Structures are given as structure tokens and as C-alpha cells.
file target_34.csv (CSV, C-alpha atoms)
chain,number,residue,atom,x,y,z
A,282,MET,CA,3.7,11.2,56.1
A,283,ALA,CA,3.0,12.7,52.6
A,284,LYS,CA,5.7,14.7,50.8
A,285,LEU,CA,5.1,18.4,50.4
A,286,GLY,CA,5.7,20.5,47.4
A,287,ARG,CA,6.2,19.4,43.9
A,288,GLU,CA,6.3,15.6,44.6
A,289,ALA,CA,2.9,15.7,46.3
A,290,SER,CA,1.3,17.4,43.3
A,291,LYS,CA,2.4,14.7,40.9
A,292,ARG,CA,0.5,11.9,42.7
A,293,ILE,CA,-3.0,11.1,41.6
A,294,GLY,CA,-5.2,8.2,42.8
A,295,ARG,CA,-5.9,4.9,41.1
A,296,ALA,CA,-9.4,5.8,40.1
A,297,PRO,CA,-8.5,9.0,38.1
A,298,LYS,CA,-5.7,7.0,36.4
A,299,GLU,CA,-8.1,4.2,35.4
A,300,ALA,CA,-10.5,6.8,34.1
A,301,MET,CA,-7.7,8.4,31.9
A,302,ILE,CA,-6.7,5.0,30.6
A,303,GLY,CA,-10.3,4.0,29.9
A,304,GLU,CA,-10.9,7.2,28.0
A,305,LEU,CA,-7.8,6.7,25.9
A,306,VAL,CA,-8.6,3.1,25.2
A,307,ASN,CA,-12.1,4.1,24.0
A,308,ILE,CA,-10.5,6.6,21.5
A,309,LEU,CA,-7.8,4.2,20.4
A,310,THR,CA,-9.9,1.1,19.9
A,311,GLY,CA,-10.3,0.3,16.2
A,312,LYS,CA,-7.9,3.1,15.1
A,313,PRO,CA,-5.0,1.9,12.9
A,314,GLY,CA,-2.5,4.4,14.2
A,315,TYR,CA,-1.4,7.6,16.0
A,316,VAL,CA,1.4,10.1,16.2
A,317,LEU,CA,3.5,10.9,19.3
A,318,CYS,CA,5.1,14.2,19.9
A,319,ASP,CA,6.7,16.3,22.6
A,320,ASN,CA,5.2,19.7,23.3
A,321,LYS,CA,7.4,20.9,26.1
A,322,GLY,CA,7.4,24.7,26.1
A,323,LEU,CA,4.1,25.4,24.2
A,324,THR,CA,2.3,28.4,25.6
A,325,LEU,CA,-1.3,28.1,26.5
A,326,ALA,CA,-2.3,30.0,23.4
A,327,GLN,CA,-0.3,27.7,21.2
A,328,ALA,CA,-1.6,24.6,22.8
A,329,THR,CA,-5.2,25.9,22.4
A,330,LYS,CA,-4.6,26.7,18.8
A,331,PHE,CA,-3.1,23.2,18.3
A,332,ARG,CA,-6.1,21.5,19.9
A,333,LYS,CA,-8.6,23.6,17.9
A,334,THR,CA,-6.8,22.7,14.6
A,335,ALA,CA,-6.9,19.1,15.6
A,336,ARG,CA,-10.6,19.2,16.5
A,337,GLU,CA,-11.4,20.8,13.2
A,338,ASN,CA,-9.6,17.9,11.4
A,339,LYS,CA,-11.2,15.2,13.6
A,340,VAL,CA,-8.0,14.4,15.5
A,341,ALA,CA,-8.1,13.7,19.2
A,342,ILE,CA,-5.2,15.2,21.2
A,343,LYS,CA,-4.3,13.8,24.6
A,344,VAL,CA,-1.5,14.5,27.0
A,345,ILE,CA,-0.9,11.5,29.3
A,346,LYS,CA,1.8,10.0,31.4
A,347,ASN,CA,4.0,7.6,29.5
A,348,LYS,CA,3.3,4.7,31.8
A,349,LEU,CA,-0.5,5.2,31.5
A,350,LEU,CA,-0.2,5.6,27.7
A,351,ALA,CA,1.6,2.3,27.4
A,352,ILE,CA,-1.1,0.6,29.5
A,353,ALA,CA,-3.8,2.1,27.3
A,354,LEU,CA,-2.1,1.1,24.1
A,355,ASP,CA,-1.8,-2.5,25.2
A,356,ARG,CA,-5.5,-2.6,26.4
A,357,ALA,CA,-6.6,-1.1,23.0
A,358,GLY,CA,-4.8,-3.9,21.2
A,359,LEU,CA,-1.9,-1.8,19.9
A,360,ASP,CA,1.5,-3.1,20.8
A,361,SER,CA,3.2,-0.5,23.0
A,362,SER,CA,6.5,-2.3,22.9
A,363,LYS,CA,7.0,-1.0,19.3
A,364,VAL,CA,6.9,2.6,20.5
A,365,LYS,CA,8.3,2.2,24.0
A,366,HIS,CA,11.5,4.0,23.0
A,367,LEU,CA,9.5,7.1,22.1
A,368,LEU,CA,7.7,7.2,25.5
A,369,LYS,CA,10.1,9.6,27.2
A,370,GLY,CA,9.5,13.1,28.5
A,371,GLU,CA,6.2,14.8,28.0
A,372,THR,CA,4.2,12.9,25.4
A,373,VAL,CA,1.2,14.1,23.4
A,374,ILE,CA,-0.7,11.5,21.3
A,375,ALA,CA,-2.7,12.5,18.2
A,376,ILE,CA,-5.3,10.0,17.1
A,377,GLY,CA,-7.2,10.3,13.8
A,378,LEU,CA,-10.9,9.7,14.6
A,379,GLU,CA,-11.8,9.1,10.9
A,380,ASP,CA,-8.7,9.1,8.8
A,381,PRO,CA,-5.3,7.5,9.8
A,382,VAL,CA,-3.4,10.2,7.8
A,383,SER,CA,-5.0,13.2,9.5
A,384,PRO,CA,-3.0,13.1,12.7
A,385,ALA,CA,0.3,13.2,10.8
A,386,LYS,CA,-1.0,16.1,8.6
A,387,VAL,CA,-2.1,18.1,11.7
A,388,VAL,CA,1.0,17.6,13.7
A,389,VAL,CA,3.5,18.2,10.8
A,390,GLU,CA,1.6,21.3,9.7
A,391,PHE,CA,1.6,22.7,13.3
A,392,ALA,CA,5.2,21.7,13.9
A,393,LYS,CA,6.3,23.7,10.8
A,394,ASN,CA,5.3,26.9,12.4
A,395,ASN,CA,6.2,26.0,16.0
A,396,GLU,CA,9.6,24.5,16.8
A,397,LYS,CA,8.5,23.6,20.4
A,398,LEU,CA,6.2,20.8,19.1
A,399,VAL,CA,8.7,18.0,18.2
A,400,ILE,CA,7.5,14.9,16.4
A,401,LYS,CA,8.8,11.7,18.1
A,402,GLY,CA,7.3,9.2,15.8
A,403,GLY,CA,4.1,7.2,15.5
A,404,TYR,CA,2.4,3.9,14.8
A,405,LEU,CA,0.4,2.7,11.8
A,406,ASP,CA,-1.0,-0.7,11.1
A,407,GLY,CA,1.3,-2.6,13.4
A,408,SER,CA,4.6,-0.8,12.5
A,409,ALA,CA,6.4,1.9,14.4
A,410,LEU,CA,7.1,5.1,12.5
A,411,THR,CA,10.0,7.4,12.7
A,412,ALA,CA,9.6,11.2,12.7
A,413,ALA,CA,10.6,11.2,9.0
A,414,ALA,CA,8.0,8.5,8.2
A,415,VAL,CA,5.4,10.6,10.0
A,416,ASP,CA,6.4,13.6,7.8
A,417,GLY,CA,6.1,11.4,4.7
A,418,LEU,CA,2.7,10.1,5.8
A,419,SER,CA,1.5,13.7,6.1
A,420,LYS,CA,2.2,14.2,2.4
A,421,LEU,CA,-0.2,11.4,1.4
A,422,PRO,CA,-3.6,12.4,0.2
A,423,SER,CA,-6.5,12.1,2.6
A,424,LYS,CA,-9.3,9.6,2.3
A,425,GLU,CA,-11.6,12.2,0.6
A,426,GLU,CA,-8.9,13.2,-1.8
A,427,LEU,CA,-8.3,9.6,-2.8
A,428,LEU,CA,-12.0,9.1,-3.3
A,429,VAL,CA,-12.2,12.2,-5.6
A,430,ARG,CA,-9.3,10.9,-7.6
A,431,PHE,CA,-10.8,7.5,-7.9
A,432,LEU,CA,-14.2,8.8,-9.0
A,433,SER,CA,-12.6,11.2,-11.5
A,434,SER,CA,-10.5,8.3,-13.0
A,435,ILE,CA,-13.7,6.3,-13.4
A,436,ASN,CA,-15.5,9.2,-15.0
A,437,SER,CA,-12.6,10.1,-17.3
A,438,PRO,CA,-12.9,7.2,-19.8
A,439,ILE,CA,-16.7,7.9,-20.1
A,440,GLN,CA,-16.1,11.6,-20.8
A,441,ASN,CA,-13.5,10.7,-23.4
A,442,LEU,CA,-15.9,8.2,-25.1
A,443,VAL,CA,-18.6,10.9,-25.2
A,444,VAL,CA,-16.2,13.4,-26.8
A,445,ALA,CA,-15.0,10.8,-29.3
A,446,LEU,CA,-18.6,9.8,-30.3
A,447,ASN,CA,-19.5,13.5,-30.5
A,448,ASN,CA,-16.5,14.1,-32.9
A,449,ALA,CA,-17.4,11.0,-35.0
A,450,VAL,CA,-21.0,12.1,-35.4
A,451,GLY,CA,-20.0,15.8,-35.7
A,452,LYS,CA,-17.3,15.5,-38.4
A,453,PRO,CA,-19.7,14.6,-41.3
A,454,VAL,CA,-22.1,17.3,-40.1
A,455,TYR,CA,-19.3,19.9,-40.2
A,456,MET,CA,-18.2,18.6,-43.6
A,457,LEU,CA,-21.7,18.9,-45.1
A,458,ASP,CA,-22.0,22.4,-43.5
A,459,ALA,CA,-18.7,23.4,-45.1
A,460,ILE,CA,-19.7,22.1,-48.5
A,461,ARG,CA,-23.1,23.9,-48.2
A,462,ARG,CA,-21.3,27.2,-47.4
A,463,GLN,CA,-18.8,26.7,-50.2
A,464,LYS,CA,-21.7,26.1,-52.7
A,465,GLU,CA,-23.6,29.1,-51.4
A,466,GLU,CA,-20.5,31.3,-51.8
A,467,GLY,CA,-19.8,29.8,-55.2
A,468,GLY,CA,-23.5,30.5,-56.2
A,469,ALA,CA,-23.4,34.0,-54.8
A,470,SER,CA,-20.1,34.9,-56.7
A,471,ALA,CA,-21.6,33.5,-60.0
A,472,ALA,CA,-24.6,35.8,-59.7
call {"tool": "encode", "arguments": {"input": "target_34.csv", "output": "C-alpha cells"}}
result
Amino acid sequence: MAKLGREASKRIGRAPKEAMIGELVNILTGKPGYVLCDNKGLTLAQATKFRKTARENKVAIKVIKNKLLAIALDRAGLDSSKVKHLLKGETVIAIGLEDPVSPAKVVVEFAKNNEKLVIKGGYLDGSALTAAAVDGLSKLPSKEELLVRFLSSINSPIQNLVVALNNAVGKPVYMLDAIRRQKEEGGASAA
């Protein structure tokens, strides 16, 4: 006989569980890392705002049971044993779809304004991250920012060379112009 009430509502069949695991495995495959957090107590409006911000920054947000999350991590080739200690309570996983730093940025930024979202830790390139490490990761520049910095550092020596050459060619011209003006002033004052 099935249990009534709260216990009965928690049970879901095997097929929906496999579908959830499969969806998460598809998202996690090929991604170097993720951030885990606890969102107990977020209102619907706050959760909606969090998901919207994540979507805008190309970050997938999933709420899934810890046991199913561990299975999905293992199936995606990410070692769940390194973050097993973080899989307690209600867990939200944030996965960067394009940039491994973006989940940390989104979660840390949202957590600053909302104390109900608590960062548990994360995982990046085979290593478990503490909440402090996730905070530090959020301060790193994004892929686009690094690309801009790289391109400007390549462009800077070229710009400096152009300025130097311009000055080298320009100085004699300015000197000749100054001599010409001086002679004109000298000839005008003699007349």
C-alpha cells in the first residue's frame, strides 16, 4: 500500500529520473566545471530572477536530487567523489555553457544581494573548489575580456612603433618649420 501525504509526493518513477539524469549529462559533457549552491528559502520571484540572469550569461541552472546529480556527474566523466561532501540538502548546480568562469560570476553576484543563496563550492578541471575559491574564480576576467587584453597587448607595440616613427620623421620637419618662422620674424622685424 502506498504512503499518503508528503512521502508519496517525493517519489518519482525510474523513467523521469533517467530523463533528468540524461538531460544533465548532456549539459555537463565537455564542460570543465560547475558551481554548487543551496537555495533554500528563495522566493519564486528571486528564483526567476536568478534563472533569468543565468540564462543571459549563458549559464544553465538545474535543481536536482543529490543522488541523481552524483550519477549524472559520473556519467558525464566528472568525478562526483570530489564534491560528494557538498551534496547535502537542496542543491542547485550552475554550469557555464561557454565560459567556465561565468557560473561563478553569476552565482557570486546573485548571492551578494541575496543571503538565501549559499555557495557550497564547485569543481573546475578535476579539482574541487571551496566557496572561497568560487568567490576568487568569480573575480577572474571572462574569456572575452582576456581576448581583448591579449589583442590590445599585441596592438600596443605596433602603436608605439608608429608613434616613435612619426616623432622621428616629424622632429626635423618641426625644426625646419621653427627655423623658417624664426627667419620670417627676423626678416619682418628688420623691415
call {"tool": "closest_residue", "arguments": {"input": "target_34.csv", "among": "A:Ile308, A:Leu317, A:Leu378, A:Val389", "to": "Val340 of chain A", "atoms": "only C-alpha atoms"}}
result
A:Leu378
call {"tool": "residues_around", "arguments": {"input": "target_34.csv", "residues": "segment 361-376 of chain A", "least_positions_apart": "4", "cutoff": "6 Å", "atoms": "only C-alpha atoms", "output": "PyMOL selection string"}}
result
chain A and resi 315-319+340-344+347+351+354-355+384+409
call {"tool": "write_last_selection", "arguments": {"input": "target_34.csv", "atoms": "C-alpha atoms", "output": "short mmCIF file (atom, residue, chain, number, x, y, z; two decimals), keeping the file's coordinate frame"}}
result
data_model
loop_
_atom_site.label_atom_id
_atom_site.label_comp_id
_atom_site.auth_asym_id
_atom_site.auth_seq_id
_atom_site.Cartn_x
_atom_site.Cartn_y
_atom_site.Cartn_z
CA TYR A 315 -1.40 7.60 16.00
CA VAL A 316 1.40 10.10 16.20
CA LEU A 317 3.50 10.90 19.30
CA CYS A 318 5.10 14.20 19.90
CA ASP A 319 6.70 16.30 22.60
CA VAL A 340 -8.00 14.40 15.50
CA ALA A 341 -8.10 13.70 19.20
CA ILE A 342 -5.20 15.20 21.20
CA LYS A 343 -4.30 13.80 24.60
CA VAL A 344 -1.50 14.50 27.00
CA ASN A 347 4.00 7.60 29.50
CA ALA A 351 1.60 2.30 27.40
CA LEU A 354 -2.10 1.10 24.10
CA ASP A 355 -1.80 -2.50 25.20
CA PRO A 384 -3.00 13.10 12.70
CA ALA A 409 6.40 1.90 14.40
#
call {"tool": "closest_residue", "arguments": {"input": "target_34.csv", "among": "A:Gly451, A:Gly294, A:Gly322, A:Gly402", "to": "Gly417 of chain A", "atoms": "only C-alpha atoms"}}
result
A:Gly402
call {"tool": "atom_distance", "arguments": {"input": "target_34.csv", "atom1": "atom CA of Pro438 of chain A", "atom2": "atom CA of Lys452 of chain A"}}
result
20.8 Å
call {"tool": "atom_distance", "arguments": {"input": "target_34.csv", "atom1": "atom CA of Val306 of chain A", "atom2": "atom CA of Arg356 of chain A"}}
result
6.6 Å
call {"tool": "atom_distance", "arguments": {"input": "target_34.csv", "atom1": "atom CA of Lys333 of chain A", "atom2": "atom CA of Met301 of chain A"}}
result
20.7 Å
call {"tool": "decode", "arguments": {"input": "target_34.csv", "residues": "segment 385-419 of chain A", "atoms": "C-alpha atoms", "output": "mmCIF file, in the first residue's frame"}}
result
data_model
loop_
_atom_site.group_PDB
_atom_site.id
_atom_site.type_symbol
_atom_site.label_atom_id
_atom_site.label_comp_id
_atom_site.auth_asym_id
_atom_site.auth_seq_id
_atom_site.Cartn_x
_atom_site.Cartn_y
_atom_site.Cartn_z
ATOM 1 C CA ALA A 385 30.971 31.560 -10.531
ATOM 2 C CA LYS A 386 30.381 35.176 -11.589
ATOM 3 C CA VAL A 387 26.601 34.725 -11.810
ATOM 4 C CA VAL A 388 26.251 32.839 -8.513
ATOM 5 C CA VAL A 389 28.574 35.133 -6.523
ATOM 6 C CA GLU A 390 26.928 38.282 -7.888
ATOM 7 C CA PHE A 391 23.436 36.987 -7.094
ATOM 8 C CA ALA A 392 24.499 35.752 -3.635
ATOM 9 C CA LYS A 393 25.810 39.247 -2.747
ATOM 10 C CA ASN A 394 22.264 40.613 -2.900
ATOM 11 C CA ASN A 395 20.513 37.515 -1.592
ATOM 12 C CA GLU A 396 21.704 35.740 1.559
ATOM 13 C CA LYS A 397 19.381 32.785 0.918
ATOM 14 C CA LEU A 398 21.568 31.600 -1.959
ATOM 15 C CA VAL A 399 24.561 29.986 -0.256
ATOM 16 C CA ILE A 400 27.572 28.863 -2.286
ATOM 17 C CA LYS A 401 28.641 25.360 -1.288
ATOM 18 C CA GLY A 402 31.618 25.019 -3.615
ATOM 19 C CA GLY A 403 32.337 23.799 -7.087
ATOM 20 C CA TYR A 404 34.513 21.853 -9.462
ATOM 21 C CA LEU A 405 36.957 23.012 -12.120
ATOM 22 C CA ASP A 406 39.319 20.950 -14.265
ATOM 23 C CA GLY A 407 39.432 17.956 -11.947
ATOM 24 C CA SER A 408 39.651 19.814 -8.637
ATOM 25 C CA ALA A 409 37.013 20.513 -6.024
ATOM 26 C CA LEU A 410 36.579 24.195 -5.140
ATOM 27 C CA THR A 411 35.635 25.662 -1.790
ATOM 28 C CA ALA A 412 33.153 28.533 -1.539
ATOM 29 C CA ALA A 413 36.109 30.934 -1.139
ATOM 30 C CA ALA A 414 37.738 29.506 -4.277
ATOM 31 C CA VAL A 415 34.489 30.027 -6.196
ATOM 32 C CA ASP A 416 34.486 33.640 -4.998
ATOM 33 C CA GLY A 417 38.076 34.038 -6.204
ATOM 34 C CA LEU A 418 37.197 32.430 -9.531
ATOM 35 C CA SER A 419 34.398 34.946 -9.994
#
